[in-house]
file structure.txt (compact mmCIF, C-alpha atoms)
# COMPACT_ATOMS: atom_id res chain seq x y z
CA MET A 153 -8.40 -178.22 227.95
CA SER A 154 -6.45 -180.45 225.56
CA ARG A 155 -7.69 -183.85 224.54
CA VAL A 156 -5.53 -186.87 223.86
CA THR A 157 -8.06 -188.31 221.45
CA ALA A 158 -8.85 -187.55 217.86
CA THR A 159 -11.62 -184.99 217.26
CA ALA A 160 -13.84 -186.45 214.90
CA SER A 161 -16.79 -187.77 213.48
CA LYS A 162 -17.38 -185.81 210.31
CA PRO A 163 -15.61 -187.12 207.19
CA ARG A 164 -12.20 -185.55 206.71
CA GLN A 165 -10.37 -184.96 203.46
CA VAL A 166 -6.79 -186.23 203.65
CA ALA A 167 -4.12 -183.97 202.13
CA ALA A 168 -1.20 -186.38 202.66
CA ARG A 169 -0.68 -189.76 204.27
CA ALA A 170 1.89 -192.41 205.08
CA VAL A 171 0.98 -196.10 205.00
CA ASP A 172 3.29 -198.53 206.83
CA VAL A 173 6.29 -196.34 205.99
CA ALA A 174 9.73 -197.56 206.98
CA LYS A 175 13.02 -195.80 206.34
CA TYR A 176 16.43 -197.34 206.90
CA TYR A 177 19.90 -195.86 206.57
CA GLY A 178 22.99 -198.00 206.06
CA THR A 179 23.20 -201.75 205.60
CA GLY A 180 23.99 -204.85 207.62
CA GLU A 181 24.98 -204.28 211.23
CA ALA A 182 25.27 -200.56 210.55
CA ARG A 183 21.63 -200.28 209.43
CA VAL A 184 19.60 -197.73 211.39
CA ALA A 185 15.79 -197.61 211.38
CA ALA A 186 14.64 -193.98 211.18
CA LEU A 187 10.97 -194.89 210.64
CA ARG A 188 9.30 -198.17 211.61
CA GLY A 189 5.94 -198.80 209.97
CA VAL A 190 4.49 -195.30 210.36
CA ASN A 191 0.82 -194.73 209.55
CA VAL A 192 -0.50 -191.18 209.64
CA GLU A 193 -3.10 -189.07 207.86
CA LEU A 194 -2.76 -185.29 207.54
CA VAL A 195 -6.13 -183.62 207.28
CA ALA A 196 -6.76 -180.97 204.63
CA GLY A 197 -7.10 -177.46 206.03
CA GLU A 198 -5.55 -178.45 209.34
CA PHE A 199 -2.35 -177.24 211.03
CA THR A 200 -0.49 -180.32 212.28
CA ALA A 201 2.70 -180.23 214.34
CA VAL A 202 5.09 -183.20 214.45
CA MET A 203 7.17 -183.57 217.59
CA GLY A 204 9.49 -186.04 219.23
CA PRO A 205 12.88 -186.41 220.91
CA SER A 206 16.04 -185.89 218.90
CA GLY A 207 16.44 -188.83 216.53
CA SER A 208 12.78 -189.81 216.74
CA GLY A 209 12.29 -189.59 212.98
CA LYS A 210 10.15 -186.46 212.76
CA SER A 211 12.25 -184.71 210.09
CA THR A 212 12.69 -187.98 208.19
CA LEU A 213 8.91 -188.43 208.14
CA MET A 214 8.41 -184.93 206.77
CA HIS A 215 11.08 -185.45 204.10
CA CYS A 216 9.46 -188.73 203.02
CA LEU A 217 5.98 -187.20 202.90
CA ALA A 218 7.30 -184.29 200.83
CA GLY A 219 9.17 -186.49 198.39
CA LEU A 220 12.54 -185.14 199.51
CA ASP A 221 13.65 -188.61 200.62
CA HIS A 222 12.77 -192.11 199.43
CA VAL A 223 11.03 -194.58 201.71
CA SER A 224 12.52 -198.05 202.20
CA SER A 225 9.05 -199.59 202.22
CA GLY A 226 5.43 -198.49 202.51
CA GLU A 227 3.41 -195.92 200.61
CA VAL A 228 3.25 -192.11 200.63
CA TYR A 229 0.46 -190.05 199.10
CA VAL A 230 -0.12 -186.35 198.50
CA GLY A 231 -3.79 -186.09 197.74
CA ASP A 232 -4.49 -188.96 195.37
CA ALA A 233 -0.93 -189.01 193.98
CA ARG A 234 1.34 -191.82 195.16
CA VAL A 235 4.73 -190.27 195.83
CA ASP A 236 6.92 -193.31 196.48
CA GLY A 237 8.11 -194.71 193.19
CA MET A 238 7.84 -191.40 191.32
CA SER A 239 10.66 -190.54 188.94
CA ASP A 240 12.88 -187.54 189.66
CA LYS A 241 11.02 -185.58 186.98
CA GLU A 242 7.65 -186.43 188.52
CA LEU A 243 8.89 -185.49 192.00
CA THR A 244 10.16 -182.15 190.72
CA GLN A 245 6.76 -181.43 189.19
CA LEU A 246 5.00 -182.50 192.40
CA ARG A 247 7.13 -180.18 194.53
CA ARG A 248 6.61 -177.28 192.14
CA THR A 249 2.84 -177.53 191.88
CA ARG A 250 1.38 -179.39 194.87
CA ILE A 251 3.79 -178.88 197.78
CA GLY A 252 5.16 -175.80 199.53
CA PHE A 253 8.18 -175.60 201.83
CA ILE A 254 9.23 -173.35 204.71
CA PHE A 255 12.62 -174.00 206.28
CA GLN A 256 14.50 -172.75 209.33
CA GLN A 257 16.88 -170.95 206.99
CA PHE A 258 14.78 -168.51 205.00
CA ASN A 259 16.42 -169.45 201.67
CA LEU A 260 15.67 -166.10 200.05
CA LEU A 261 17.68 -164.87 197.07
CA PRO A 262 19.53 -161.73 198.27
CA THR A 263 19.46 -159.97 194.90
CA LEU A 264 15.67 -160.19 194.59
CA THR A 265 13.07 -158.04 196.31
CA ALA A 266 10.54 -159.55 198.70
CA GLU A 267 7.92 -159.56 195.95
CA GLU A 268 10.28 -161.21 193.47
CA ASN A 269 11.20 -163.88 196.03
CA ILE A 270 7.52 -164.53 196.74
CA LEU A 271 6.67 -164.97 193.06
CA LEU A 272 9.79 -166.95 192.11
CA PRO A 273 8.37 -170.51 192.44
CA LEU A 274 5.34 -169.60 190.36
CA LYS A 275 7.56 -167.97 187.75
CA ILE A 276 9.74 -171.09 187.55
CA ALA A 277 6.61 -173.22 187.11
CA GLY A 278 5.37 -170.90 184.38
CA GLY A 279 2.37 -169.58 186.31
CA THR A 280 1.10 -166.29 187.71
CA PRO A 281 -1.17 -165.72 190.71
CA SER A 282 -4.48 -163.96 190.44
CA LYS A 283 -4.37 -160.41 191.78
CA ASP A 284 -7.00 -161.30 194.39
CA TRP A 285 -4.93 -164.22 195.72
CA PHE A 286 -1.70 -162.21 195.69
CA ASP A 287 -3.35 -159.37 197.60
CA ARG A 288 -4.92 -161.78 200.08
CA VAL A 289 -1.63 -163.52 200.85
CA ILE A 290 0.30 -160.26 201.17
CA ASP A 291 -2.38 -158.85 203.47
CA THR A 292 -2.29 -162.03 205.57
CA VAL A 293 1.48 -161.86 206.10
CA GLY A 294 1.45 -158.07 206.57
CA LEU A 295 4.12 -157.28 203.99
CA ALA A 296 2.37 -154.71 201.81
CA GLY A 297 4.84 -152.00 202.76
CA ARG A 298 7.95 -154.17 202.36
CA LEU A 299 7.51 -155.77 198.93
CA HIS A 300 10.26 -153.74 197.26
CA HIS A 301 12.83 -154.36 200.01
CA ARG A 302 15.60 -156.92 199.63
CA PRO A 303 16.17 -159.58 202.33
CA THR A 304 19.04 -157.63 203.95
CA GLU A 305 16.60 -154.76 204.53
CA LEU A 306 14.13 -156.98 206.39
CA SER A 307 14.10 -158.35 209.94
CA GLY A 308 14.35 -162.10 210.52
CA GLY A 309 10.61 -162.32 211.16
CA GLN A 310 9.84 -160.40 207.99
CA GLN A 311 12.15 -162.65 205.97
CA GLN A 312 10.38 -165.73 207.29
CA ARG A 313 7.01 -164.18 206.44
CA VAL A 314 8.32 -163.67 202.89
CA ALA A 315 9.22 -167.37 202.86
CA CYS A 316 5.72 -168.21 204.12
CA ALA A 317 4.09 -166.07 201.42
CA ARG A 318 6.33 -167.73 198.82
CA ALA A 319 5.13 -171.16 199.94
CA LEU A 320 1.48 -170.09 199.86
CA MET A 321 1.48 -168.32 196.52
CA PRO A 322 1.16 -171.42 194.27
CA GLN A 323 -1.78 -172.58 196.47
CA PRO A 324 -0.22 -176.01 197.17
CA GLU A 325 -2.16 -178.91 198.61
CA VAL A 326 0.15 -179.03 201.62
CA ILE A 327 2.94 -176.88 203.07
CA PHE A 328 5.73 -178.57 205.03
CA ALA A 329 7.51 -176.34 207.56
CA ASP A 330 10.76 -177.60 209.14
CA GLU A 331 11.50 -175.73 212.39
CA PRO A 332 10.25 -172.46 210.79
CA THR A 333 10.80 -170.40 213.95
CA GLY A 334 14.18 -171.89 214.90
CA ASN A 335 16.12 -168.74 213.96
CA LEU A 336 13.61 -166.19 215.29
CA ASP A 337 13.14 -164.32 218.55
CA SER A 338 9.97 -164.91 220.56
CA THR A 339 8.06 -161.96 219.06
CA SER A 340 8.88 -162.89 215.47
CA SER A 341 8.16 -166.55 216.21
CA ALA A 342 4.69 -165.68 217.49
CA GLU A 343 4.00 -163.60 214.35
CA VAL A 344 4.99 -166.45 212.02
CA LEU A 345 3.08 -169.08 214.01
CA GLU A 346 -0.02 -166.90 214.12
CA PHE A 347 0.25 -166.54 210.35
CA LEU A 348 0.50 -170.31 209.89
CA ARG A 349 -2.54 -170.85 212.11
CA HIS A 350 -4.46 -168.18 210.21
CA SER A 351 -3.46 -169.77 206.89
CA ALA A 352 -5.08 -173.03 207.96
CA ARG A 353 -8.19 -171.58 209.58
CA SER A 354 -8.96 -168.71 207.19
CA LEU A 355 -7.33 -169.73 203.91
CA GLY A 356 -7.92 -173.48 204.22
CA GLN A 357 -4.22 -174.26 203.79
CA THR A 358 -2.87 -177.60 205.04
CA ILE A 359 0.24 -177.02 207.19
CA VAL A 360 2.58 -179.70 208.57
CA MET A 361 5.26 -178.34 210.92
CA VAL A 362 8.18 -180.17 212.49
CA THR A 363 9.19 -178.49 215.74
CA HIS A 364 10.89 -179.21 219.06
CA ASP A 365 9.16 -176.27 220.80
CA PRO A 366 5.99 -176.97 222.85
CA ALA A 367 4.98 -173.31 222.59
CA ALA A 368 5.19 -173.46 218.79
CA ALA A 369 3.23 -176.71 218.71
CA SER A 370 0.45 -175.11 220.77
CA TYR A 371 -0.50 -172.97 217.76
CA SER A 372 -1.46 -176.09 215.80
CA ASP A 373 -4.77 -177.95 215.64
CA ARG A 374 -3.14 -181.30 216.29
CA VAL A 375 0.23 -182.59 217.49
CA VAL A 376 1.55 -186.00 216.40
CA PHE A 377 4.36 -187.47 218.53
CA LEU A 378 7.12 -189.80 217.36
CA ALA A 379 9.65 -191.83 219.33
CA ASP A 380 12.13 -194.34 217.95
CA GLY A 381 10.63 -194.03 214.46
CA GLN A 382 7.07 -194.78 215.51
CA ILE A 383 4.00 -192.68 216.27
CA VAL A 384 3.32 -192.94 219.99
CA GLY A 385 0.46 -190.51 220.50
CA GLU A 386 -1.31 -187.34 219.47
CA ILE A 387 -3.10 -184.39 221.02
CA THR A 388 -5.82 -182.22 219.51
CA GLU A 389 -6.43 -178.62 220.57
CA PRO A 390 -3.01 -178.58 222.24
CA THR A 391 -1.67 -176.27 224.90
CA ALA A 392 2.04 -175.78 225.55
CA ASP A 393 1.68 -177.47 228.95
CA ALA A 394 -0.11 -180.50 227.50
CA VAL A 395 2.56 -180.88 224.80
CA LEU A 396 5.36 -180.56 227.34
CA ASP A 397 3.69 -183.14 229.58
CA MET A 398 3.41 -185.58 226.68
CA MET A 399 7.06 -185.04 225.76
CA ARG A 400 8.07 -185.80 229.35
CA LYS A 401 6.06 -189.04 229.31
CA ILE A 402 7.66 -190.07 226.02
CA ASP A 403 11.11 -189.32 227.42
CA VAL A 404 10.44 -191.52 230.47
CA GLN A 405 9.04 -194.35 228.35
CA THR A 406 11.99 -194.15 225.98
CA ARG A 407 14.48 -194.38 228.84
CA VAL A 408 12.67 -197.33 230.42
CA ALA A 409 12.55 -199.15 227.09

call {"tool": "encode", "arguments": {"input": "structure.txt", "output": "C-alpha cells"}}
result
Amino acid sequence: MSRVTATASKPRQVAARAVDVAKYYGTGEARVAALRGVNVELVAGEFTAVMGPSGSGKSTLMHCLAGLDHVSSGEVYVGDARVDGMSDKELTQLRRTRIGFIFQQFNLLPTLTAEENILLPLKIAGGTPSKDWFDRVIDTVGLAGRLHHRPTELSGGQQQRVACARALMPQPEVIFADEPTGNLDSTSSAEVLEFLRHSARSLGQTIVMVTHDPAAASYSDRVVFLADGQIVGEITEPTADAVLDMMRKIDVQTRVA
C-alpha cells in the first residue's frame, strides 16, 4: 500500500536541495515561469522520481539542481556546496566530482569500448577507481562479459547500463537521470530500473530520476509531483497504480485551475 505522507522520523542526510527556487524564461509579457518557489530535499541513499504533466517544470528542476541551468532566484545545494552563484569553472568541477548523469540518449563514444566509456569521466578528472569498486559496479550492472565491446555491439539496455556504470564510477554524491528508459523496450527498462533501485538500496547511491512513466516511478522510494512549476504532492513506497492515480488528480486540478 502506498502512502501519501513522508516516511520519517529518523534524521535524514540531504544530498541535494532547492530552497525557494524560481526559474523564468524570457522577459516582459513573454516571460514564462518554469519554477515558482520550489522547496525540496533529496535524501541521501534514496531513489527519488520526479513526475508531472508536460511543462510542469520537472526537467527544469533537475537541470537547476545539477547546475546545468541557472536559477532566477532561490538557492540550490549539493551536499553542503551552494550551487547557484558558482562560476563556470566551479560548476565544471562540481559536475566532474560530485554529480553523475544518465540521459535518455546513452551518450557513449562509439570508438571506445564499454570499459573505456565507463572509466572516461574518471580519466578526465584525473582519477582511477579502486579495483574493488570497479568490480562491484560491473557486477551490479552485469557487464563483466561485455567490457571489451563497443556500443554498436551492445543492445540498447546494455548501452544504458554502461551509461549507468559510468555515472556510478566516480562515486558521486547524487546521480541525476533524465528519462533513462525513454529509448528502451519494457524488458531493458526493467533491467535498468532494477539496477537504479539496487544502486540506492545496496550501494547507498542517491538517485534522482525525471520520468513520465508511472511504472518507472514505481521502482523509486519516493515520487515528487510538480504542476505549473510547483510541488503539489509526493508519495512514498509508490506503486504504478498510486502514481497514475495521483497524476490523474493533478491533471483534473490543473484543468479546473

call {"tool": "residues_around", "arguments": {"input": "structure.txt", "residues": "Gln311 (chain A)", "least_positions_apart": "3", "cutoff": "10 Å", "atoms": "only C-alpha atoms", "output": "ChimeraX atom specification"}}
result
/A:257-260,266,295,302-308,314-317

call {"tool": "residues_around", "arguments": {"input": "structure.txt", "residues": "region 190-203 of chain A", "least_positions_apart": "3", "cutoff": "9 Å", "atoms": "all atoms listed in the file", "output": "PyMOL selection string"}}
result
chain A and resi 164-174+187+208+210-211+213-214+226+325-326+348-349+351-353+355-366+368-379+381-383+395+399

call {"tool": "write_last_selection", "arguments": {"input": "structure.txt", "atoms": "C-alpha atoms", "output": "PDB file, in the frame of the given file"}}
result
ATOM      1  CA  ARG A 164     -12.200-185.550 206.710  1.00  0.00           C
ATOM      2  CA  GLN A 165     -10.370-184.960 203.460  1.00  0.00           C
ATOM      3  CA  VAL A 166      -6.790-186.230 203.650  1.00  0.00           C
ATOM      4  CA  ALA A 167      -4.120-183.970 202.130  1.00  0.00           C
ATOM      5  CA  ALA A 168      -1.200-186.380 202.660  1.00  0.00           C
ATOM      6  CA  ARG A 169      -0.680-189.760 204.270  1.00  0.00           C
ATOM      7  CA  ALA A 170       1.890-192.410 205.080  1.00  0.00           C
ATOM      8  CA  VAL A 171       0.980-196.100 205.000  1.00  0.00           C
ATOM      9  CA  ASP A 172       3.290-198.530 206.830  1.00  0.00           C
ATOM     10  CA  VAL A 173       6.290-196.340 205.990  1.00  0.00           C
ATOM     11  CA  ALA A 174       9.730-197.560 206.980  1.00  0.00           C
ATOM     12  CA  LEU A 187      10.970-194.890 210.640  1.00  0.00           C
ATOM     13  CA  SER A 208      12.780-189.810 216.740  1.00  0.00           C
ATOM     14  CA  LYS A 210      10.150-186.460 212.760  1.00  0.00           C
ATOM     15  CA  SER A 211      12.250-184.710 210.090  1.00  0.00           C
ATOM     16  CA  LEU A 213       8.910-188.430 208.140  1.00  0.00           C
ATOM     17  CA  MET A 214       8.410-184.930 206.770  1.00  0.00           C
ATOM     18  CA  GLY A 226       5.430-198.490 202.510  1.00  0.00           C
ATOM     19  CA  GLU A 325      -2.160-178.910 198.610  1.00  0.00           C
ATOM     20  CA  VAL A 326       0.150-179.030 201.620  1.00  0.00           C
ATOM     21  CA  LEU A 348       0.500-170.310 209.890  1.00  0.00           C
ATOM     22  CA  ARG A 349      -2.540-170.850 212.110  1.00  0.00           C
ATOM     23  CA  SER A 351      -3.460-169.770 206.890  1.00  0.00           C
ATOM     24  CA  ALA A 352      -5.080-173.030 207.960  1.00  0.00           C
ATOM     25  CA  ARG A 353      -8.190-171.580 209.580  1.00  0.00           C
ATOM     26  CA  LEU A 355      -7.330-169.730 203.910  1.00  0.00           C
ATOM     27  CA  GLY A 356      -7.920-173.480 204.220  1.00  0.00           C
ATOM     28  CA  GLN A 357      -4.220-174.260 203.790  1.00  0.00           C
ATOM     29  CA  THR A 358      -2.870-177.600 205.040  1.00  0.00           C
ATOM     30  CA  ILE A 359       0.240-177.020 207.190  1.00  0.00           C
ATOM     31  CA  VAL A 360       2.580-179.700 208.570  1.00  0.00           C
ATOM     32  CA  MET A 361       5.260-178.340 210.920  1.00  0.00           C
ATOM     33  CA  VAL A 362       8.180-180.170 212.490  1.00  0.00           C
ATOM     34  CA  THR A 363       9.190-178.490 215.740  1.00  0.00           C
ATOM     35  CA  HIS A 364      10.890-179.210 219.060  1.00  0.00           C
ATOM     36  CA  ASP A 365       9.160-176.270 220.800  1.00  0.00           C
ATOM     37  CA  PRO A 366       5.990-176.970 222.850  1.00  0.00           C
ATOM     38  CA  ALA A 368       5.190-173.460 218.790  1.00  0.00           C
ATOM     39  CA  ALA A 369       3.230-176.710 218.710  1.00  0.00           C
ATOM     40  CA  SER A 370       0.450-175.110 220.770  1.00  0.00           C
ATOM     41  CA  TYR A 371      -0.500-172.970 217.760  1.00  0.00           C
ATOM     42  CA  SER A 372      -1.460-176.090 215.800  1.00  0.00           C
ATOM     43  CA  ASP A 373      -4.770-177.950 215.640  1.00  0.00           C
ATOM     44  CA  ARG A 374      -3.140-181.300 216.290  1.00  0.00           C
ATOM     45  CA  VAL A 375       0.230-182.590 217.490  1.00  0.00           C
ATOM     46  CA  VAL A 376       1.550-186.000 216.400  1.00  0.00           C
ATOM     47  CA  PHE A 377       4.360-187.470 218.530  1.00  0.00           C
ATOM     48  CA  LEU A 378       7.120-189.800 217.360  1.00  0.00           C
ATOM     49  CA  ALA A 379       9.650-191.830 219.330  1.00  0.00           C
ATOM     50  CA  GLY A 381      10.630-194.030 214.460  1.00  0.00           C
ATOM     51  CA  GLN A 382       7.070-194.780 215.510  1.00  0.00           C
ATOM     52  CA  ILE A 383       4.000-192.680 216.270  1.00  0.00           C
ATOM     53  CA  VAL A 395       2.560-180.880 224.800  1.00  0.00           C
ATOM     54  CA  MET A 399       7.060-185.040 225.760  1.00  0.00           C
TER      55      MET A 399
END

call {"tool": "closest_atom_pairs", "arguments": {"input": "structure.txt", "of": "region 294-351 of chain A", "to": "region 234-253 of chain A", "cutoff": "12 Å", "atoms": "only C-alpha atoms", "output": "Markdown table"}}
result
| residue | atom | partner | partner_atom | distance |
| --- | --- | --- | --- | --- |
| A:Gln312 | CA | A:Phe253 | CA | 11.5 |
| A:Val314 | CA | A:Phe253 | CA | 12.0 |
| A:Ala315 | CA | A:Phe253 | CA | 8.4 |
| A:Cys316 | CA | A:Phe253 | CA | 8.1 |
| A:Ala317 | CA | A:Gly252 | CA | 10.0 |
| A:Arg318 | CA | A:Gly252 | CA | 8.2 |
| A:Ala319 | CA | A:Gly252 | CA | 4.7 |
| A:Leu320 | CA | A:Gly252 | CA | 6.8 |
| A:Met321 | CA | A:Gly252 | CA | 8.9 |
| A:Pro322 | CA | A:Thr249 | CA | 6.8 |
| A:Gln323 | CA | A:Arg250 | CA | 7.7 |
| A:Pro324 | CA | A:Arg250 | CA | 4.4 |
| A:Glu325 | CA | A:Arg250 | CA | 5.2 |
| A:Val326 | CA | A:Ile251 | CA | 5.3 |
| A:Ile327 | CA | A:Gly252 | CA | 4.3 |
| A:Phe328 | CA | A:Phe253 | CA | 5.0 |
| A:Ala329 | CA | A:Phe253 | CA | 5.8 |
| A:Asp330 | CA | A:Phe253 | CA | 8.0 |
| A:Glu331 | CA | A:Phe253 | CA | 11.1 |
| A:Pro332 | CA | A:Phe253 | CA | 9.7 |

call {"tool": "write_last_selection", "arguments": {"input": "structure.txt", "atoms": "C-alpha atoms", "output": "compact mmCIF listing (two decimals), keeping the file's coordinate frame"}}
result
# COMPACT_ATOMS: atom_id res chain seq x y z
CA GLN A 312 10.38 -165.73 207.29
CA VAL A 314 8.32 -163.67 202.89
CA ALA A 315 9.22 -167.37 202.86
CA CYS A 316 5.72 -168.21 204.12
CA ALA A 317 4.09 -166.07 201.42
CA ARG A 318 6.33 -167.73 198.82
CA ALA A 319 5.13 -171.16 199.94
CA LEU A 320 1.48 -170.09 199.86
CA MET A 321 1.48 -168.32 196.52
CA PRO A 322 1.16 -171.42 194.27
CA GLN A 323 -1.78 -172.58 196.47
CA PRO A 324 -0.22 -176.01 197.17
CA GLU A 325 -2.16 -178.91 198.61
CA VAL A 326 0.15 -179.03 201.62
CA ILE A 327 2.94 -176.88 203.07
CA PHE A 328 5.73 -178.57 205.03
CA ALA A 329 7.51 -176.34 207.56
CA ASP A 330 10.76 -177.60 209.14
CA GLU A 331 11.50 -175.73 212.39
CA PRO A 332 10.25 -172.46 210.79

call {"tool": "atom_distance", "arguments": {"input": "structure.txt", "atom1": "CA of Val184 (chain A)", "atom2": "CA of Ser224 (chain A)"}}
result
11.6 Å

call {"tool": "residues_around", "arguments": {"input": "structure.txt", "residues": "Ala185 (chain A)", "least_positions_apart": "3", "cutoff": "9 Å", "atoms": "only C-alpha atoms", "output": "tab-separated table (two decimals) with C-alpha atoms, in the frame of the given file"}}
result
chain	number	residue	atom	x	y	z
A	174	ALA	CA	9.73	-197.56	206.98
A	175	LYS	CA	13.02	-195.80	206.34
A	176	TYR	CA	16.43	-197.34	206.90
A	177	TYR	CA	19.90	-195.86	206.57
A	178	GLY	CA	22.99	-198.00	206.06
A	188	ARG	CA	9.30	-198.17	211.61
A	209	GLY	CA	12.29	-189.59	212.98
A	380	ASP	CA	12.13	-194.34	217.95
A	381	GLY	CA	10.63	-194.03	214.46

call {"tool": "closest_residue", "arguments": {"input": "structure.txt", "among": "A:Gly231, A:Gly385, A:Gly309, A:Gly189", "to": "Ser341 (chain A)", "atoms": "only C-alpha atoms"}}
result
A:Gly309

call {"tool": "atom_distance", "arguments": {"input": "structure.txt", "atom1": "CA of Gly219 (chain A)", "atom2": "CA of Arg313 (chain A)"}}
result
23.8 Å

call {"tool": "closest_residue", "arguments": {"input": "structure.txt", "among": "A:Leu271, A:Ser340, A:Val384, A:Leu345", "to": "Trp285 (chain A)", "atoms": "all atoms listed in the file"}}
result
A:Leu271

call {"tool": "axis_aligned_box", "arguments": {"input": "structure.txt", "around": "region 358-365 of chain A", "padding_each_side": "5 Å", "output": "AutoDock Vina command-line options"}}
result
--center_x 4.0 --center_y -178.2 --center_z 212.9 --size_x 23.8 --size_y 13.9 --size_z 25.8

call {"tool": "atom_distance", "arguments": {"input": "structure.txt", "atom1": "CA of Lys401 (chain A)", "atom2": "CA of Pro205 (chain A)"}}
result
11.1 Å

call {"tool": "decode", "arguments": {"input": "structure.txt", "residues": "region 250-269 of chain A", "atoms": "N, CA and C atoms", "output": "compact mmCIF listing (two decimals), in the first residue's frame"}}
result
# COMPACT_ATOMS: atom_id res chain seq x y z
N ARG A 250 31.19 15.46 -8.11
CA ARG A 250 30.13 15.26 -7.11
C ARG A 250 28.78 14.89 -7.69
N ILE A 251 28.66 14.95 -9.03
CA ILE A 251 27.38 14.68 -9.68
C ILE A 251 27.58 13.71 -10.83
N GLY A 252 26.64 12.78 -10.98
CA GLY A 252 26.64 11.88 -12.12
C GLY A 252 25.38 12.10 -12.95
N PHE A 253 25.45 11.76 -14.24
CA PHE A 253 24.32 11.98 -15.14
C PHE A 253 24.02 10.73 -15.95
N ILE A 254 22.72 10.46 -16.13
CA ILE A 254 22.25 9.42 -17.04
C ILE A 254 21.14 10.06 -17.87
N PHE A 255 21.29 10.01 -19.19
CA PHE A 255 20.32 10.65 -20.08
C PHE A 255 19.57 9.61 -20.91
N GLN A 256 18.49 10.07 -21.54
CA GLN A 256 17.71 9.19 -22.41
C GLN A 256 18.57 8.70 -23.57
N GLN A 257 19.35 9.60 -24.17
CA GLN A 257 20.34 9.20 -25.16
C GLN A 257 21.57 8.73 -24.40
N PHE A 258 22.12 7.60 -24.76
CA PHE A 258 23.16 6.98 -23.94
C PHE A 258 24.45 7.80 -23.89
N ASN A 259 24.70 8.59 -24.95
CA ASN A 259 25.88 9.47 -24.98
C ASN A 259 27.19 8.72 -24.78
N LEU A 260 27.30 7.55 -25.41
CA LEU A 260 28.55 6.80 -25.36
C LEU A 260 29.40 7.15 -26.58
N LEU A 261 30.71 7.13 -26.40
CA LEU A 261 31.61 7.38 -27.53
C LEU A 261 31.77 6.10 -28.33
N PRO A 262 31.41 6.11 -29.63
CA PRO A 262 31.37 4.87 -30.42
C PRO A 262 32.72 4.21 -30.63
N THR A 263 33.80 4.97 -30.54
CA THR A 263 35.12 4.40 -30.80
C THR A 263 35.73 3.76 -29.55
N LEU A 264 35.10 3.94 -28.40
CA LEU A 264 35.61 3.39 -27.16
C LEU A 264 34.86 2.12 -26.77
N THR A 265 35.52 1.23 -26.07
CA THR A 265 34.87 0.03 -25.56
C THR A 265 33.97 0.41 -24.39
N ALA A 266 33.16 -0.53 -23.95
CA ALA A 266 32.31 -0.29 -22.79
C ALA A 266 33.15 0.11 -21.57
N GLU A 267 34.23 -0.60 -21.33
CA GLU A 267 35.08 -0.28 -20.19
C GLU A 267 35.68 1.11 -20.32
N GLU A 268 36.13 1.47 -21.50
CA GLU A 268 36.72 2.80 -21.71
C GLU A 268 35.68 3.90 -21.52
N ASN A 269 34.44 3.66 -21.98
CA ASN A 269 33.37 4.62 -21.76
C ASN A 269 33.06 4.78 -20.27
